[in-house]
file query.cif (mmCIF, C-alpha atoms and all ligand atoms)
data_upload
#
loop_
_atom_site.label_atom_id
_atom_site.label_comp_id
_atom_site.auth_asym_id
_atom_site.auth_seq_id
_atom_site.Cartn_x
_atom_site.Cartn_y
_atom_site.Cartn_z
CA MET A 1 -10.38 27.35 24.48
CA LYS A 2 -13.05 26.22 21.99
CA GLN A 3 -11.61 24.91 18.70
CA ALA A 4 -12.98 26.11 15.37
CA LYS A 5 -15.15 23.52 13.64
CA ARG A 6 -13.19 21.40 11.17
CA SER A 7 -14.41 18.99 8.48
CA PHE A 8 -13.14 15.45 8.05
CA LEU A 9 -13.57 12.48 5.75
CA VAL A 10 -12.74 9.13 7.39
CA ILE A 11 -12.44 6.13 5.10
CA GLY A 12 -12.30 2.63 6.62
CA LEU A 13 -14.23 2.00 9.82
CA GLY A 14 -12.28 -0.86 11.41
CA ARG A 15 -11.17 -0.45 15.05
CA PHE A 16 -8.73 2.32 14.12
CA GLY A 17 -11.05 4.28 11.82
CA GLU A 18 -14.02 3.84 14.16
CA SER A 19 -12.07 5.17 17.10
CA ILE A 20 -10.85 8.19 15.11
CA THR A 21 -14.35 8.87 13.79
CA LYS A 22 -15.96 8.75 17.24
CA THR A 23 -13.32 11.02 18.75
CA LEU A 24 -13.48 13.65 15.98
CA ALA A 25 -17.29 13.66 16.14
CA SER A 26 -17.30 13.86 19.95
CA PHE A 27 -15.43 17.17 19.68
CA GLY A 28 -18.22 18.54 17.48
CA HIS A 29 -16.42 18.46 14.15
CA GLU A 30 -18.09 17.65 10.83
CA VAL A 31 -17.33 14.02 9.89
CA MET A 32 -18.26 12.02 6.83
CA ALA A 33 -17.50 8.32 7.43
CA ILE A 34 -17.21 5.82 4.58
CA ASP A 35 -16.77 2.05 4.53
CA LYS A 36 -17.61 -0.59 1.94
CA ASP A 37 -19.11 -2.69 4.74
CA GLU A 38 -22.66 -1.54 5.51
CA THR A 39 -22.66 -2.98 9.06
CA LYS A 40 -19.73 -0.77 10.04
CA VAL A 41 -21.39 2.26 8.46
CA ASN A 42 -24.69 1.68 10.29
CA LYS A 43 -22.89 1.37 13.62
CA LEU A 44 -21.65 4.98 13.38
CA ALA A 45 -24.56 6.53 11.48
CA ASP A 46 -26.06 8.34 14.49
CA LEU A 47 -22.76 9.83 15.62
CA VAL A 48 -21.52 11.51 12.46
CA THR A 49 -22.70 14.14 9.99
CA GLN A 50 -22.95 11.55 7.23
CA ALA A 51 -22.17 7.81 7.10
CA VAL A 52 -22.01 6.20 3.68
CA GLN A 53 -21.51 2.69 2.34
CA ALA A 54 -19.21 3.03 -0.66
CA ASP A 55 -16.04 1.75 -2.29
CA ALA A 56 -13.53 4.55 -1.75
CA THR A 57 -11.44 3.47 -4.73
CA ASP A 58 -14.25 4.67 -7.02
CA GLU A 59 -13.38 8.29 -7.79
CA ASP A 60 -16.75 9.06 -9.38
CA VAL A 61 -18.60 7.90 -6.27
CA LEU A 62 -16.41 10.08 -4.04
CA LYS A 63 -17.05 13.08 -6.30
CA GLU A 64 -20.82 12.44 -6.27
CA LEU A 65 -20.71 12.37 -2.47
CA GLY A 66 -19.16 15.83 -2.52
CA VAL A 67 -16.13 14.86 -0.44
CA SER A 68 -14.19 17.78 -1.92
CA ASN A 69 -16.17 20.08 0.38
CA LEU A 70 -14.29 18.56 3.32
CA ASP A 71 -10.81 19.76 4.31
CA GLU A 72 -9.01 16.87 5.96
CA ALA A 73 -9.02 13.11 5.39
CA VAL A 74 -8.05 9.98 7.30
CA VAL A 75 -7.46 6.84 5.22
CA ALA A 76 -7.86 4.04 7.75
CA ILE A 77 -7.78 1.13 5.30
CA GLY A 78 -4.88 -1.13 6.23
CA ASP A 79 -4.87 -4.69 4.97
CA ASP A 80 -5.96 -3.92 1.42
CA ILE A 81 -2.80 -2.03 0.47
CA GLN A 82 -3.94 -1.42 -3.09
CA ALA A 83 -7.21 0.16 -1.91
CA SER A 84 -5.33 2.28 0.63
CA ILE A 85 -2.91 3.60 -1.99
CA LEU A 86 -5.58 4.23 -4.63
CA THR A 87 -7.83 6.02 -2.16
CA THR A 88 -5.00 8.22 -0.90
CA LEU A 89 -4.04 9.11 -4.49
CA ILE A 90 -7.63 10.04 -5.36
CA LEU A 91 -8.02 12.21 -2.24
CA LYS A 92 -4.72 13.93 -3.02
CA ASP A 93 -5.95 14.70 -6.55
CA LEU A 94 -9.23 16.00 -5.13
CA GLY A 95 -7.22 18.60 -3.23
CA PHE A 96 -7.54 17.65 0.45
CA LYS A 97 -5.54 20.02 2.66
CA ARG A 98 -4.28 17.26 4.91
CA ILE A 99 -4.29 13.46 4.58
CA VAL A 100 -3.48 11.11 7.44
CA ALA A 101 -3.05 7.52 6.28
CA LYS A 102 -2.63 4.18 8.02
CA ALA A 103 0.11 1.83 6.81
CA THR A 104 0.49 -1.86 7.57
CA ASN A 105 4.27 -1.95 7.07
CA ASP A 106 7.24 0.29 6.26
CA TYR A 107 7.04 -0.18 2.48
CA HIS A 108 3.34 0.64 2.47
CA GLY A 109 4.18 3.72 4.56
CA ARG A 110 6.87 4.86 2.15
CA VAL A 111 4.50 4.61 -0.81
CA LEU A 112 1.86 6.61 1.05
CA GLU A 113 4.42 9.33 1.80
CA LYS A 114 5.58 9.42 -1.83
CA ILE A 115 2.07 9.92 -3.17
CA GLY A 116 1.49 12.80 -0.78
CA ALA A 117 0.07 11.58 2.55
CA ASP A 118 0.96 14.28 5.10
CA VAL A 119 1.03 11.94 8.10
CA VAL A 120 1.58 8.18 7.94
CA ILE A 121 0.72 6.05 10.94
CA GLN A 122 1.50 2.44 11.77
CA PRO A 123 -0.76 2.06 14.81
CA GLU A 124 0.75 -1.04 16.44
CA LYS A 125 4.36 -0.02 15.78
CA ASP A 126 3.85 3.60 16.85
CA MET A 127 1.95 2.60 19.98
CA GLY A 128 4.69 0.10 20.87
CA VAL A 129 7.26 2.92 20.88
CA ARG A 130 4.97 5.10 22.98
CA VAL A 131 4.19 2.40 25.52
CA ALA A 132 7.88 1.55 25.88
CA HIS A 133 8.63 5.23 26.54
CA SER A 134 5.80 5.36 29.02
CA ILE A 135 7.18 2.28 30.83
CA LEU A 136 10.70 3.69 30.91
CA PHE A 137 10.09 7.40 31.46
CA GLY A 138 6.47 7.70 32.58
CA ASN A 139 5.38 9.84 29.63
CA PHE A 140 3.99 9.38 26.13
CA ILE A 141 6.17 10.90 23.41
CA ASP A 142 5.05 12.67 20.26
CA LEU A 143 6.12 10.69 17.19
P1 LIG B 1 -8.53 -2.30 12.14
O1 LIG B 1 -7.15 -2.87 12.36
O2 LIG B 1 -8.58 -0.81 12.15
O3 LIG B 1 -9.58 -2.93 13.00
P2 LIG B 1 -9.41 -4.12 10.11
O4 LIG B 1 -8.45 -5.16 10.57
O5 LIG B 1 -10.89 -4.31 10.39
O6 LIG B 1 -8.93 -2.69 10.64
P3 LIG B 1 -8.56 -3.16 7.50
O7 LIG B 1 -8.23 -4.05 6.38
O8 LIG B 1 -7.50 -2.33 8.07
O9 LIG B 1 -9.33 -4.05 8.56
O10 LIG B 1 -9.77 -2.26 6.95
C1 LIG B 1 -10.36 -1.27 7.71
C2 LIG B 1 -11.71 -0.96 7.10
O11 LIG B 1 -11.57 -0.47 5.77
C3 LIG B 1 -12.66 -2.17 7.01
O12 LIG B 1 -13.85 -1.87 7.74
C4 LIG B 1 -12.92 -2.33 5.52
O13 LIG B 1 -14.27 -2.72 5.24
C5 LIG B 1 -12.65 -0.92 4.99
N1 LIG B 1 -12.29 -0.90 3.58
C6 LIG B 1 -11.35 -1.67 2.96
N2 LIG B 1 -11.29 -1.39 1.65
C7 LIG B 1 -12.20 -0.38 1.42
C8 LIG B 1 -12.62 0.36 0.28
N3 LIG B 1 -12.09 0.14 -0.92
N4 LIG B 1 -13.58 1.30 0.42
C9 LIG B 1 -14.13 1.55 1.64
N5 LIG B 1 -13.79 0.88 2.76
C10 LIG B 1 -12.84 -0.08 2.66
#

call {"tool": "encode", "arguments": {"input": "query.cif", "output": "structure tokens"}}
result
Amino acid sequence: MKQAKRSFLVIGLGRFGESITKTLASFGHEVMAIDKDETKVNKLADLVTQAVQADATDEDVLKELGVSNLDEAVVAIGDDIQASILTTLILKDLGFKRIVAKATNDYHGRVLEKIGADVVIQPEKDMGVRVAHSILFGNFIDL
């Protein structure tokens, strides 16, 4: 069955954010991709609706880009915990319906949940659990 078109903002285009961006776009959804690093932005420019070089912790810049027109967001900034938290807070205030955020450790994850992230992911930790289940039981589990 064909899915209705959805609109996403992906912030942070490292391996995790890039992979999410490519997959969402490959299913035909609207994707705006943002990173402060221009090289990463250029790499995905042809695949997405809009690719922009910007600092996502700057609320005015996000407003100027019209990100509020999008429904769902993925915050894929990991190492810079302050930037991840600030960005998530701004997107929450801007009224996103759903925010998925990447955490680098449990404390980071707990803060993201407290400020309103709907789904918090720790990619390496979560994948470790899934792979172990796959080794033991032959199936991937939903976390
Ligand atoms: P991954 O593990 O997904 O490969 P990484 O190790 O490259 O990620 P992270 O620190 O998790 O690095 O950052 C992911 C991306 O987020 C990077 O491409 C980085 O440029 C981007 N980024 C970090 N801070 C900001 C910010 N304030 N605004 C926009 N992009 C940012």

call {"tool": "closest_residue", "arguments": {"input": "query.cif", "among": "A:Lys40, A:His133, A:Lys22, A:Lys97", "to": "Ser68 in chain A", "atoms": "only C-alpha atoms"}}
result
A:Lys97

call {"tool": "residues_near_ligand", "arguments": {"input": "query.cif", "ligand": "ligand LIG 1 (chain B)", "cutoff": "7 Å", "atoms": "all atoms listed in the file", "output": "PDB file with C-alpha atoms, in the coordinates of the input"}}
result
ATOM      1  CA  ILE A  11     -12.440   6.130   5.100  1.00  0.00           C
ATOM      2  CA  GLY A  12     -12.300   2.630   6.620  1.00  0.00           C
ATOM      3  CA  LEU A  13     -14.230   2.000   9.820  1.00  0.00           C
ATOM      4  CA  GLY A  14     -12.280  -0.860  11.410  1.00  0.00           C
ATOM      5  CA  ARG A  15     -11.170  -0.450  15.050  1.00  0.00           C
ATOM      6  CA  PHE A  16      -8.730   2.320  14.120  1.00  0.00           C
ATOM      7  CA  GLY A  17     -11.050   4.280  11.820  1.00  0.00           C
ATOM      8  CA  ILE A  34     -17.210   5.820   4.580  1.00  0.00           C
ATOM      9  CA  ASP A  35     -16.770   2.050   4.530  1.00  0.00           C
ATOM     10  CA  LYS A  36     -17.610  -0.590   1.940  1.00  0.00           C
ATOM     11  CA  ASP A  37     -19.110  -2.690   4.740  1.00  0.00           C
ATOM     12  CA  LYS A  40     -19.730  -0.770  10.040  1.00  0.00           C
ATOM     13  CA  ALA A  54     -19.210   3.030  -0.660  1.00  0.00           C
ATOM     14  CA  ASP A  55     -16.040   1.750  -2.290  1.00  0.00           C
ATOM     15  CA  ALA A  56     -13.530   4.550  -1.750  1.00  0.00           C
ATOM     16  CA  THR A  57     -11.440   3.470  -4.730  1.00  0.00           C
ATOM     17  CA  ALA A  76      -7.860   4.040   7.750  1.00  0.00           C
ATOM     18  CA  ILE A  77      -7.780   1.130   5.300  1.00  0.00           C
ATOM     19  CA  GLY A  78      -4.880  -1.130   6.230  1.00  0.00           C
ATOM     20  CA  ASP A  79      -4.870  -4.690   4.970  1.00  0.00           C
ATOM     21  CA  ASP A  80      -5.960  -3.920   1.420  1.00  0.00           C
ATOM     22  CA  ALA A  83      -7.210   0.160  -1.910  1.00  0.00           C
TER      23      ALA A  83
END

call {"tool": "atom_distance", "arguments": {"input": "query.cif", "atom1": "CA of Val48 in chain A", "atom2": "CA of Thr21 in chain A"}}
result
7.8 Å

call {"tool": "residues_around", "arguments": {"input": "query.cif", "residues": "His108 in chain A", "least_positions_apart": "6", "cutoff": "12 Å", "atoms": "all atoms listed in the file", "output": "list in words"}}
result
Ile77, Gly78, Asp79, Asp80, Ile81, Gln82, Ala83, Ser84, Ile85, Leu86, Thr88, Ala101, Lys102, Lys114, Ile115, Ala117, Val120, Ile121 and Gln122 of chain A

call {"tool": "axis_aligned_box", "arguments": {"input": "query.cif", "around": "range 6-22 of chain A", "padding_each_side": "4 Å", "output": "JSON"}}
result
{"center_x": -12.3, "center_y": 10.3, "center_z": 11.2, "size_x": 15.2, "size_y": 30.3, "size_z": 20.1}

call {"tool": "residues_around", "arguments": {"input": "query.cif", "residues": "Phe96 in chain A", "least_positions_apart": "4", "cutoff": "10 Å", "atoms": "only C-alpha atoms", "output": "list in words"}}
result
Phe8, Leu9, Val67, Ser68, Asn69, Leu70, Asp71, Glu72, Ala73, Thr88, Ile90, Leu91, Lys92 and Ala117 of chain A

call {"tool": "closest_residue", "arguments": {"input": "query.cif", "among": "A:Asp106, A:Glu113, A:Glu59, A:Asp142", "to": "Lys125 in chain A", "atoms": "only C-alpha atoms"}}
result
A:Asp106

call {"tool": "closest_residue", "arguments": {"input": "query.cif", "among": "A:Gly95, A:Gly116, A:Gly109, A:Gly28", "to": "Leu47 in chain A", "atoms": "all atoms listed in the file"}}
result
A:Gly28

call {"tool": "atom_distance", "arguments": {"input": "query.cif", "atom1": "CA of Pro123 in chain A", "atom2": "CA of Ala25 in chain A"}}
result
20.2 Å

call {"tool": "closest_residue", "arguments": {"input": "query.cif", "among": "A:Asn105, A:Ser7, A:Gln53, A:Asn42", "to": "Asp126 in chain A", "atoms": "all atoms listed in the file"}}
result
A:Asn105

call {"tool": "atom_distance", "arguments": {"input": "query.cif", "atom1": "CA of Asp93 in chain A", "atom2": "CA of Lys63 in chain A"}}
result
11.2 Å

call {"tool": "closest_residue", "arguments": {"input": "query.cif", "among": "A:Leu143, A:Leu65, A:Val100, A:Val31", "to": "Gln50 in chain A", "atoms": "all atoms listed in the file"}}
result
A:Val31

call {"tool": "closest_residue", "arguments": {"input": "query.cif", "among": "A:Leu94, A:Thr49, A:Val74, A:Glu18", "to": "Leu62 in chain A", "atoms": "only C-alpha atoms"}}
result
A:Leu94
